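Engineer: My structure is in work_1.tsv, and what it holds is TSV, N, CA and C atoms:
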```tsv
chain	number	residue	atom	x	y	z
A	1003	MET	N	-101.86	-72.54	168.51
A	1003	MET	CA	-100.68	-72.21	169.21
A	1003	MET	C	-99.43	-72.83	168.59
A	1004	ALA	N	-99.57	-74.04	168.14
A	1004	ALA	CA	-98.46	-74.71	167.50
A	1004	ALA	C	-98.06	-73.96	166.24
A	1005	ASN	N	-99.05	-73.35	165.60
A	1005	ASN	CA	-98.81	-72.58	164.39
A	1005	ASN	C	-97.92	-71.37	164.70
A	1006	LYS	N	-98.18	-70.70	165.81
A	1006	LYS	CA	-97.37	-69.54	166.20
A	1006	LYS	C	-95.94	-69.96	166.52
A	1007	LYS	N	-95.81	-71.12	167.17
A	1007	LYS	CA	-94.47	-71.61	167.53
A	1007	LYS	C	-93.69	-71.96	166.26
A	1008	GLN	N	-94.37	-72.54	165.30
A	1008	GLN	CA	-93.71	-72.89	164.04
A	1008	GLN	C	-93.25	-71.64	163.31
A	1009	LYS	N	-94.10	-70.61	163.27
A	1009	LYS	CA	-93.72	-69.36	162.61
A	1009	LYS	C	-92.52	-68.73	163.31
A	1010	LYS	N	-92.55	-68.74	164.64
A	1010	LYS	CA	-91.45	-68.17	165.40
A	1010	LYS	C	-90.17	-68.97	165.15
A	1011	LEU	N	-90.26	-70.28	165.12
A	1011	LEU	CA	-89.10	-71.13	164.87
A	1011	LEU	C	-88.55	-70.90	163.46
A	1012	LYS	N	-89.45	-70.76	162.48
A	1012	LYS	CA	-89.02	-70.48	161.11
A	1012	LYS	C	-88.30	-69.14	161.03
A	1013	LYS	N	-88.84	-68.15	161.75
A	1013	LYS	CA	-88.21	-66.83	161.76
A	1013	LYS	C	-86.83	-66.91	162.42
A	1014	ASP	N	-86.75	-67.62	163.53
A	1014	ASP	CA	-85.47	-67.79	164.23
A	1014	ASP	C	-84.48	-68.53	163.35
A	1015	LEU	N	-84.97	-69.56	162.65
A	1015	LEU	CA	-84.12	-70.33	161.75
A	1015	LEU	C	-83.60	-69.45	160.62
A	1016	SER	N	-84.45	-68.62	160.07
A	1016	SER	CA	-84.05	-67.70	159.01
A	1016	SER	C	-82.97	-66.73	159.52
A	1017	THR	N	-83.16	-66.22	160.73
A	1017	THR	CA	-82.18	-65.31	161.33
A	1017	THR	C	-80.84	-66.01	161.52
A	1018	VAL	N	-80.87	-67.21	162.02
A	1018	VAL	CA	-79.63	-67.97	162.26
A	1018	VAL	C	-78.93	-68.27	160.94
A	1019	LYS	N	-79.71	-68.61	159.90
A	1019	LYS	CA	-79.12	-68.87	158.59
A	1019	LYS	C	-78.43	-67.60	158.05
A	1020	GLY	N	-79.08	-66.45	158.23
A	1020	GLY	CA	-78.49	-65.19	157.80
A	1020	GLY	C	-77.19	-64.90	158.54
A	1021	GLN	N	-77.19	-65.13	159.84
A	1021	GLN	CA	-75.99	-64.93	160.64
A	1021	GLN	C	-74.89	-65.90	160.22
A	1022	LEU	N	-75.29	-67.13	159.92
A	1022	LEU	CA	-74.34	-68.14	159.48
A	1022	LEU	C	-73.70	-67.71	158.16
A	1023	THR	N	-74.50	-67.19	157.24
A	1023	THR	CA	-73.99	-66.73	155.94
A	1023	THR	C	-72.98	-65.59	156.16
A	1024	LYS	N	-73.33	-64.62	157.01
A	1024	LYS	CA	-72.41	-63.51	157.30
A	1024	LYS	C	-71.11	-64.02	157.91
A	1025	THR	N	-71.23	-64.96	158.83
A	1025	THR	CA	-70.05	-65.51	159.50
A	1025	THR	C	-69.17	-66.27	158.51
A	1026	GLU	N	-69.80	-67.02	157.60
A	1026	GLU	CA	-69.03	-67.74	156.59
A	1026	GLU	C	-68.28	-66.78	155.68
A	1027	LYS	N	-68.92	-65.66	155.30
A	1027	LYS	CA	-68.25	-64.66	154.46
A	1027	LYS	C	-67.06	-64.04	155.20
A	1028	LYS	N	-67.26	-63.72	156.49
A	1028	LYS	CA	-66.17	-63.16	157.29
A	1028	LYS	C	-65.02	-64.17	157.41
A	1029	LEU	N	-65.37	-65.43	157.59
A	1029	LEU	CA	-64.37	-66.48	157.69
A	1029	LEU	C	-63.58	-66.60	156.39
A	1030	ALA	N	-64.26	-66.51	155.26
A	1030	ALA	CA	-63.59	-66.59	153.96
A	1030	ALA	C	-62.63	-65.41	153.78
A	1031	LYS	N	-63.09	-64.19	154.16
A	1031	LYS	CA	-62.21	-63.02	154.08
A	1031	LYS	C	-61.00	-63.18	154.98
A	1032	ALA	N	-61.23	-63.68	156.19
A	1032	ALA	CA	-60.13	-63.88	157.13
A	1032	ALA	C	-59.14	-64.91	156.59
A	1033	GLY	N	-59.66	-65.94	155.96
A	1033	GLY	CA	-58.79	-66.96	155.36
A	1033	GLY	C	-57.95	-66.38	154.24
A	1034	ASP	N	-58.57	-65.53	153.41
A	1034	ASP	CA	-57.84	-64.87	152.32
A	1034	ASP	C	-56.72	-63.98	152.87
A	1035	ARG	N	-57.07	-63.21	153.93
A	1035	ARG	CA	-56.06	-62.34	154.55
A	1035	ARG	C	-54.92	-63.17	155.13
A	1036	ALA	N	-55.25	-64.27	155.76
A	1036	ALA	CA	-54.23	-65.14	156.35
A	1036	ALA	C	-53.29	-65.67	155.27
A	1037	GLU	N	-53.84	-66.08	154.14
A	1037	GLU	CA	-53.00	-66.57	153.04
A	1037	GLU	C	-52.08	-65.47	152.52
A	1038	ARG	N	-52.64	-64.26	152.37
A	1038	ARG	CA	-51.84	-63.13	151.91
A	1038	ARG	C	-50.71	-62.84	152.89
A	1039	TRP	N	-51.04	-62.85	154.18
A	1039	TRP	CA	-50.02	-62.58	155.20
A	1039	TRP	C	-48.95	-63.67	155.22
A	1040	LYS	N	-49.35	-64.90	154.97
A	1040	LYS	CA	-48.38	-65.99	154.91
A	1040	LYS	C	-47.41	-65.77	153.75
A	1041	LYS	N	-47.96	-65.36	152.60
A	1041	LYS	CA	-47.10	-65.10	151.44
A	1041	LYS	C	-46.15	-63.94	151.73
A	1042	GLU	N	-46.70	-62.87	152.35
A	1042	GLU	CA	-45.85	-61.73	152.69
A	1042	GLU	C	-44.78	-62.12	153.69
A	1043	ALA	N	-45.13	-62.92	154.68
A	1043	ALA	CA	-44.16	-63.37	155.68
A	1043	ALA	C	-43.06	-64.19	155.03
A	1044	LYS	N	-43.45	-65.03	154.07
A	1044	LYS	CA	-42.47	-65.84	153.37
A	1044	LYS	C	-41.51	-64.95	152.58
A	1045	ALA	N	-42.06	-63.93	151.91
A	1045	ALA	CA	-41.23	-63.00	151.15
A	1045	ALA	C	-40.30	-62.21	152.09
A	1046	HIS	N	-40.82	-61.78	153.24
A	1046	HIS	CA	-40.00	-61.04	154.20
A	1046	HIS	C	-38.88	-61.93	154.76
A	1047	LYS	N	-39.22	-63.19	155.00
A	1047	LYS	CA	-38.21	-64.11	155.52
A	1047	LYS	C	-37.10	-64.31	154.49
A	1048	LYS	N	-37.49	-64.45	153.24
A	1048	LYS	CA	-36.50	-64.62	152.17
A	1048	LYS	C	-35.62	-63.37	152.06
A	1049	SER	N	-36.23	-62.21	152.16
A	1049	SER	CA	-35.49	-60.95	152.12
A	1049	SER	C	-34.54	-60.84	153.30
A	1050	ALA	N	-34.99	-61.26	154.47
A	1050	ALA	CA	-34.15	-61.21	155.67
A	1050	ALA	C	-32.94	-62.13	155.53
A	1051	VAL	N	-33.15	-63.28	154.93
A	1051	VAL	CA	-32.03	-64.21	154.72
A	1051	VAL	C	-31.01	-63.57	153.78
A	1052	LYS	N	-31.50	-62.95	152.71
A	1052	LYS	CA	-30.59	-62.28	151.78
A	1052	LYS	C	-29.85	-61.15	152.47
A	1053	ALA	N	-30.56	-60.37	153.28
A	1053	ALA	CA	-29.94	-59.26	153.99
A	1053	ALA	C	-28.90	-59.77	154.99
A	1054	GLY	N	-29.21	-60.88	155.65
A	1054	GLY	CA	-28.25	-61.48	156.58
A	1054	GLY	C	-26.99	-61.94	155.87
A	1055	THR	N	-27.17	-62.55	154.71
A	1055	THR	CA	-26.03	-62.99	153.92
A	1055	THR	C	-25.19	-61.80	153.49
A	1056	ARG	N	-25.87	-60.75	153.05
A	1056	ARG	CA	-25.17	-59.53	152.64
A	1056	ARG	C	-24.43	-58.90	153.82
A	1057	ALA	N	-25.05	-58.91	154.99
A	1057	ALA	CA	-24.41	-58.36	156.19
A	1057	ALA	C	-23.17	-59.16	156.56
A	1058	ASP	N	-23.26	-60.48	156.44
A	1058	ASP	CA	-22.10	-61.33	156.72
A	1058	ASP	C	-20.95	-61.03	155.77
A	1059	LEU	N	-21.28	-60.86	154.49
A	1059	LEU	CA	-20.27	-60.54	153.49
A	1059	LEU	C	-19.62	-59.19	153.80
A	1060	LEU	N	-20.43	-58.20	154.13
A	1060	LEU	CA	-19.89	-56.88	154.45
A	1060	LEU	C	-19.04	-56.93	155.72
A	1061	ALA	N	-19.43	-57.74	156.69
A	1061	ALA	CA	-18.64	-57.87	157.91
A	1061	ALA	C	-17.28	-58.48	157.59
A	1062	GLU	N	-17.25	-59.47	156.71
A	1062	GLU	CA	-15.97	-60.06	156.30
A	1062	GLU	C	-15.10	-59.02	155.60
A	1063	GLN	N	-15.70	-58.24	154.71
A	1063	GLN	CA	-14.94	-57.20	154.01
A	1063	GLN	C	-14.40	-56.16	154.99
A	1064	LEU	N	-15.21	-55.83	155.99
A	1064	LEU	CA	-14.78	-54.88	157.00
A	1064	LEU	C	-13.61	-55.44	157.80
A	1065	ASP	N	-13.67	-56.71	158.16
A	1065	ASP	CA	-12.57	-57.34	158.88
A	1065	ASP	C	-11.29	-57.33	158.04
A	1066	GLU	N	-11.43	-57.65	156.76
A	1066	GLU	CA	-10.26	-57.64	155.87
A	1066	GLU	C	-9.68	-56.23	155.76
A	1067	ALA	N	-10.55	-55.23	155.65
A	1067	ALA	CA	-10.08	-53.85	155.56
A	1067	ALA	C	-9.39	-53.43	156.85
A	1068	ALA	N	-9.92	-53.87	157.98
A	1068	ALA	CA	-9.30	-53.53	159.27
A	1068	ALA	C	-7.92	-54.18	159.37
A	1069	LYS	N	-7.80	-55.42	158.92
A	1069	LYS	CA	-6.49	-56.10	158.93
A	1069	LYS	C	-5.52	-55.37	158.02
A	1070	ALA	N	-6.00	-54.98	156.84
A	1070	ALA	CA	-5.14	-54.27	155.90
A	1070	ALA	C	-4.72	-52.92	156.47
A	1071	LEU	N	-5.62	-52.27	157.18
A	1071	LEU	CA	-5.32	-50.97	157.78
A	1071	LEU	C	-4.26	-51.12	158.86
A	1072	LYS	N	-4.33	-52.19	159.62
A	1072	LYS	CA	-3.34	-52.43	160.68
A	1072	LYS	C	-1.96	-52.67	160.08
A	1073	SER	N	-1.92	-53.27	158.89
A	1073	SER	CA	-0.63	-53.58	158.27
A	1073	SER	C	-0.03	-52.40	157.51
A	1074	THR	N	-0.79	-51.31	157.33
A	1074	THR	CA	-0.25	-50.14	156.64
A	1074	THR	C	0.52	-49.28	157.63
A	1075	PRO	N	1.51	-48.53	157.16
A	1075	PRO	CA	2.29	-47.70	158.07
A	1075	PRO	C	1.44	-46.57	158.67
A	1076	SER	N	1.80	-46.15	159.87
A	1076	SER	CA	1.06	-45.07	160.52
A	1076	SER	C	1.39	-43.74	159.87
A	1077	GLU	N	0.63	-42.71	160.20
A	1077	GLU	CA	0.87	-41.38	159.63
A	1077	GLU	C	2.23	-40.85	160.02
A	1078	ALA	N	2.64	-41.13	161.24
A	1078	ALA	CA	3.95	-40.67	161.69
A	1078	ALA	C	5.06	-41.31	160.87
A	1079	GLU	N	4.92	-42.61	160.58
A	1079	GLU	CA	5.92	-43.29	159.76
A	1079	GLU	C	5.94	-42.73	158.35
A	1080	VAL	N	4.77	-42.45	157.81
A	1080	VAL	CA	4.69	-41.89	156.45
A	1080	VAL	C	5.32	-40.50	156.42
A	1081	GLU	N	5.02	-39.68	157.43
A	1081	GLU	CA	5.59	-38.33	157.45
A	1081	GLU	C	7.10	-38.38	157.60
A	1082	ALA	N	7.60	-39.29	158.41
A	1082	ALA	CA	9.04	-39.42	158.59
A	1082	ALA	C	9.70	-39.86	157.29
A	1083	ALA	N	9.06	-40.78	156.60
A	1083	ALA	CA	9.61	-41.26	155.33
A	1083	ALA	C	9.52	-40.17	154.26
A	1084	SER	N	8.44	-39.40	154.26
A	1084	SER	CA	8.29	-38.38	153.22
A	1084	SER	C	9.21	-37.19	153.47
A	1085	ALA	N	9.65	-36.98	154.69
A	1085	ALA	CA	10.58	-35.89	154.97
A	1085	ALA	C	11.94	-36.18	154.36
A	1086	ASP	N	12.30	-37.47	154.28
A	1086	ASP	CA	13.59	-37.85	153.71
A	1086	ASP	C	13.55	-37.93	152.20
A	1087	GLU	N	12.38	-38.29	151.64
A	1087	GLU	CA	12.26	-38.48	150.20
A	1087	GLU	C	11.40	-37.38	149.59
A	1088	PRO	N	11.75	-36.91	148.41
A	1088	PRO	CA	10.88	-35.92	147.77
A	1088	PRO	C	9.57	-36.57	147.36
A	1089	GLY	N	8.47	-35.84	147.49
A	1089	GLY	CA	7.16	-36.36	147.12
A	1089	GLY	C	6.94	-36.25	145.63
A	1090	PRO	N	5.71	-36.46	145.20
A	1090	PRO	CA	5.39	-36.34	143.78
A	1090	PRO	C	5.64	-34.91	143.30
A	1091	ALA	N	5.81	-34.77	142.02
A	1091	ALA	CA	6.07	-33.45	141.44
A	1091	ALA	C	4.96	-32.49	141.82
A	1092	GLY	N	5.32	-31.29	142.19
A	1092	GLY	CA	4.32	-30.29	142.56
A	1092	GLY	C	3.90	-30.38	144.01
A	1093	GLN	N	4.55	-31.27	144.77
A	1093	GLN	CA	4.18	-31.41	146.18
A	1093	GLN	C	5.42	-31.22	147.04
A	1094	THR	N	5.28	-30.38	148.03
A	1094	THR	CA	6.38	-30.14	148.95
A	1094	THR	C	6.38	-31.22	150.02
A	1095	PRO	N	7.46	-31.38	150.76
A	1095	PRO	CA	7.52	-32.43	151.77
A	1095	PRO	C	6.42	-32.35	152.83
A	1096	ASP	N	5.92	-31.15	153.13
A	1096	ASP	CA	4.89	-31.04	154.16
A	1096	ASP	C	3.50	-31.38	153.62
A	1097	GLY	N	3.39	-31.78	152.36
A	1097	GLY	CA	2.13	-32.22	151.79
A	1097	GLY	C	1.40	-31.11	151.03
A	1098	ALA	N	1.84	-29.89	151.12
A	1098	ALA	CA	1.18	-28.81	150.40
A	1098	ALA	C	1.64	-28.83	148.95
A	1099	GLY	N	0.90	-28.23	148.09
A	1099	GLY	CA	1.30	-28.16	146.69
A	1099	GLY	C	0.11	-28.23	145.78
A	1100	THR	N	0.38	-28.17	144.51
A	1100	THR	CA	-0.67	-28.21	143.51
A	1100	THR	C	-0.74	-29.61	142.93
A	1101	PRO	N	-1.90	-30.23	142.96
A	1101	PRO	CA	-2.03	-31.58	142.40
A	1101	PRO	C	-1.77	-31.58	140.90
A	1102	ASP	N	-1.11	-32.61	140.43
A	1102	ASP	CA	-0.88	-32.76	139.00
A	1102	ASP	C	-1.00	-34.23	138.63
A	1103	GLU	N	-0.63	-34.58	137.41
A	1103	GLU	CA	-0.79	-35.93	136.88
A	1103	GLU	C	0.03	-36.97	137.65
A	1104	SER	N	1.08	-36.55	138.36
A	1104	SER	CA	1.91	-37.51	139.08
A	1104	SER	C	1.25	-38.01	140.36
A	1105	TRP	N	0.21	-37.32	140.82
A	1105	TRP	CA	-0.49	-37.73	142.04
A	1105	TRP	C	-1.38	-38.93	141.72
A	1106	SER	N	-1.49	-39.85	142.66
A	1106	SER	CA	-2.39	-41.00	142.46
A	1106	SER	C	-3.82	-40.56	142.76
A	1107	VAL	N	-4.77	-41.34	142.31
A	1107	VAL	CA	-6.18	-41.06	142.55
A	1107	VAL	C	-6.45	-41.05	144.05
A	1108	VAL	N	-5.80	-41.96	144.78
A	1108	VAL	CA	-5.97	-42.03	146.23
A	1108	VAL	C	-5.50	-40.73	146.87
A	1109	GLN	N	-4.35	-40.23	146.44
A	1109	GLN	CA	-3.84	-38.98	146.98
A	1109	GLN	C	-4.77	-37.81	146.62
A	1110	LEU	N	-5.27	-37.81	145.40
A	1110	LEU	CA	-6.18	-36.74	144.98
A	1110	LEU	C	-7.47	-36.76	145.79
A	1111	ARG	N	-8.01	-37.93	146.03
A	1111	ARG	CA	-9.24	-38.03	146.83
A	1111	ARG	C	-8.99	-37.60	148.27
A	1112	ALA	N	-7.83	-37.98	148.81
A	1112	ALA	CA	-7.50	-37.57	150.18
A	1112	ALA	C	-7.38	-36.05	150.26
A	1113	GLU	N	-6.77	-35.44	149.27
A	1113	GLU	CA	-6.65	-33.98	149.25
A	1113	GLU	C	-8.02	-33.33	149.12
A	1114	ALA	N	-8.89	-33.92	148.30
A	1114	ALA	CA	-10.25	-33.38	148.15
A	1114	ALA	C	-10.99	-33.46	149.48
A	1115	ARG	N	-10.85	-34.58	150.19
A	1115	ARG	CA	-11.47	-34.69	151.52
A	1115	ARG	C	-10.92	-33.65	152.46
A	1116	ALA	N	-9.59	-33.47	152.44
A	1116	ALA	CA	-8.94	-32.51	153.33
A	1116	ALA	C	-9.44	-31.09	153.04
A	1117	ARG	N	-9.76	-30.81	151.81
A	1117	ARG	CA	-10.26	-29.47	151.44
A	1117	ARG	C	-11.77	-29.34	151.61
A	1118	GLY	N	-12.41	-30.43	152.00
A	1118	GLY	CA	-13.85	-30.38	152.25
A	1118	GLY	C	-14.71	-30.50	151.01
A	1119	LEU	N	-14.14	-30.97	149.91
A	1119	LEU	CA	-14.92	-31.15	148.69
A	1119	LEU	C	-15.76	-32.42	148.81
A	1120	THR	N	-16.98	-32.37	148.34
A	1120	THR	CA	-17.86	-33.54	148.41
A	1120	THR	C	-18.14	-34.05	147.00
A	1121	GLY	N	-18.57	-35.30	146.92
A	1121	GLY	CA	-18.93	-35.89	145.64
A	1121	GLY	C	-17.74	-36.30	144.80
A	1122	MET	N	-16.60	-36.50	145.41
A	1122	MET	CA	-15.38	-36.80	144.66
A	1122	MET	C	-15.04	-38.29	144.67
A	1123	SER	N	-15.80	-39.10	145.38
A	1123	SER	CA	-15.44	-40.51	145.53
A	1123	SER	C	-15.49	-41.28	144.21
A	1124	ARG	N	-16.30	-40.82	143.29
A	1124	ARG	CA	-16.40	-41.52	142.00
A	1124	ARG	C	-15.86	-40.69	140.84
A	1125	ALA	N	-15.26	-39.56	141.17
A	1125	ALA	CA	-14.74	-38.69	140.12
A	1125	ALA	C	-13.49	-39.30	139.50
A	1126	SER	N	-13.28	-39.02	138.22
A	1126	SER	CA	-12.09	-39.52	137.54
A	1126	SER	C	-10.88	-38.71	137.98
A	1127	LYS	N	-9.71	-39.19	137.64
A	1127	LYS	CA	-8.47	-38.51	138.02
A	1127	LYS	C	-8.44	-37.10	137.43
A	1128	ALA	N	-8.85	-36.95	136.19
A	1128	ALA	CA	-8.84	-35.63	135.55
A	1128	ALA	C	-9.83	-34.70	136.25
A	1129	ASP	N	-11.00	-35.21	136.62
A	1129	ASP	CA	-11.98	-34.39	137.33
A	1129	ASP	C	-11.46	-33.98	138.69
A	1130	LEU	N	-10.79	-34.88	139.36
A	1130	LEU	CA	-10.21	-34.57	140.67
A	1130	LEU	C	-9.17	-33.47	140.56
A	1131	ILE	N	-8.30	-33.59	139.57
A	1131	ILE	CA	-7.24	-32.59	139.38
A	1131	ILE	C	-7.88	-31.23	139.08
A	1132	ASP	N	-8.88	-31.19	138.22
A	1132	ASP	CA	-9.56	-29.93	137.90
A	1132	ASP	C	-10.21	-29.32	139.13
A	1133	ALA	N	-10.83	-30.15	139.95
A	1133	ALA	CA	-11.51	-29.65	141.14
A	1133	ALA	C	-10.54	-29.10	142.17
A	1134	LEU	N	-9.34	-29.68	142.21
A	1134	LEU	CA	-8.35	-29.26	143.21
A	1134	LEU	C	-7.48	-28.08	142.76
A	1135	ARG	N	-7.54	-27.70	141.52
A	1135	ARG	CA	-6.72	-26.59	141.04
A	1135	ARG	C	-7.34	-25.27	141.32
```
Please re-express this file's structure in structure tokens.

Structural biologist:
Amino acid sequence: MANKKQKKLKKDLSTVKGQLTKTEKKLAKAGDRAERWKKEAKAHKKSAVKAGTRADLLAEQLDEAAKALKSTPSEAEVEAASADEPGPAGQTPDGAGTPDESWSVVQLRAEARARGLTGMSRASKADLIDALR
């Protein structure tokens, strides 16, 4: 009878050892995943810090642009001033006319926007003039 108990105990011990081996492998895989996730989290945190810094910089630029916009004359003031003074060559006082070399790039881009042209934000002055003619 003791012999049967020993065989059963050996079998149980073998089963437990097998389960222990499986559990150790799972634990090792879980540890590897945890390390990978830690590295990814660190990289994401670093990226978030950079993005936050970039957002702060853009917010400052936006504030500066808003201040500059407040200090520029309103459209009504510009129209009143342009009615008294002749505009650039080829432009009538009401803003209509054919763009030419005397127009600034800012004026050309504004006219392109007013006409619904797209893709002009990086166009050169010559390209803008060609597109508006």

Engineer: What are the DSSP helix (DSSP H, G or I) residues of range 1005-1134 of chain A, as a VMD selection string?

Structural biologist: chain A and resid 1005 to 1073 1077 to 1086 1107 to 1116 1127 to 1134

Engineer: In Å, rounded to a single decimal, give me how far atom N of Arg1135 in chain A is from CA of Thr1100 in chain A.

Structural biologist: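 Value for the CA of Thr1100 in chain A-atom N of Arg1135 in chain A distance: 7.2 Å.
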
Engineer: So how far away is atom C of Leu1134 in chain A from atom N of Pro1101 in chain A, in Å?

Structural biologist: 6.0 Å

Engineer: Rounded to one decimal place, report the atom C of Ala1112 in chain A-atom C of Asp1065 in chain A distance in Å.

Structural biologist: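 The value is 23.0 Å.
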
Engineer: Using only C-alpha atoms, find all polymer residues with an atom at most 9 Å away from the point (-3.5, -38.7, 139.3); report them as a ChimeraX atom specification.

Structural biologist: /A:1101-1110,1126-1128,1130-1131
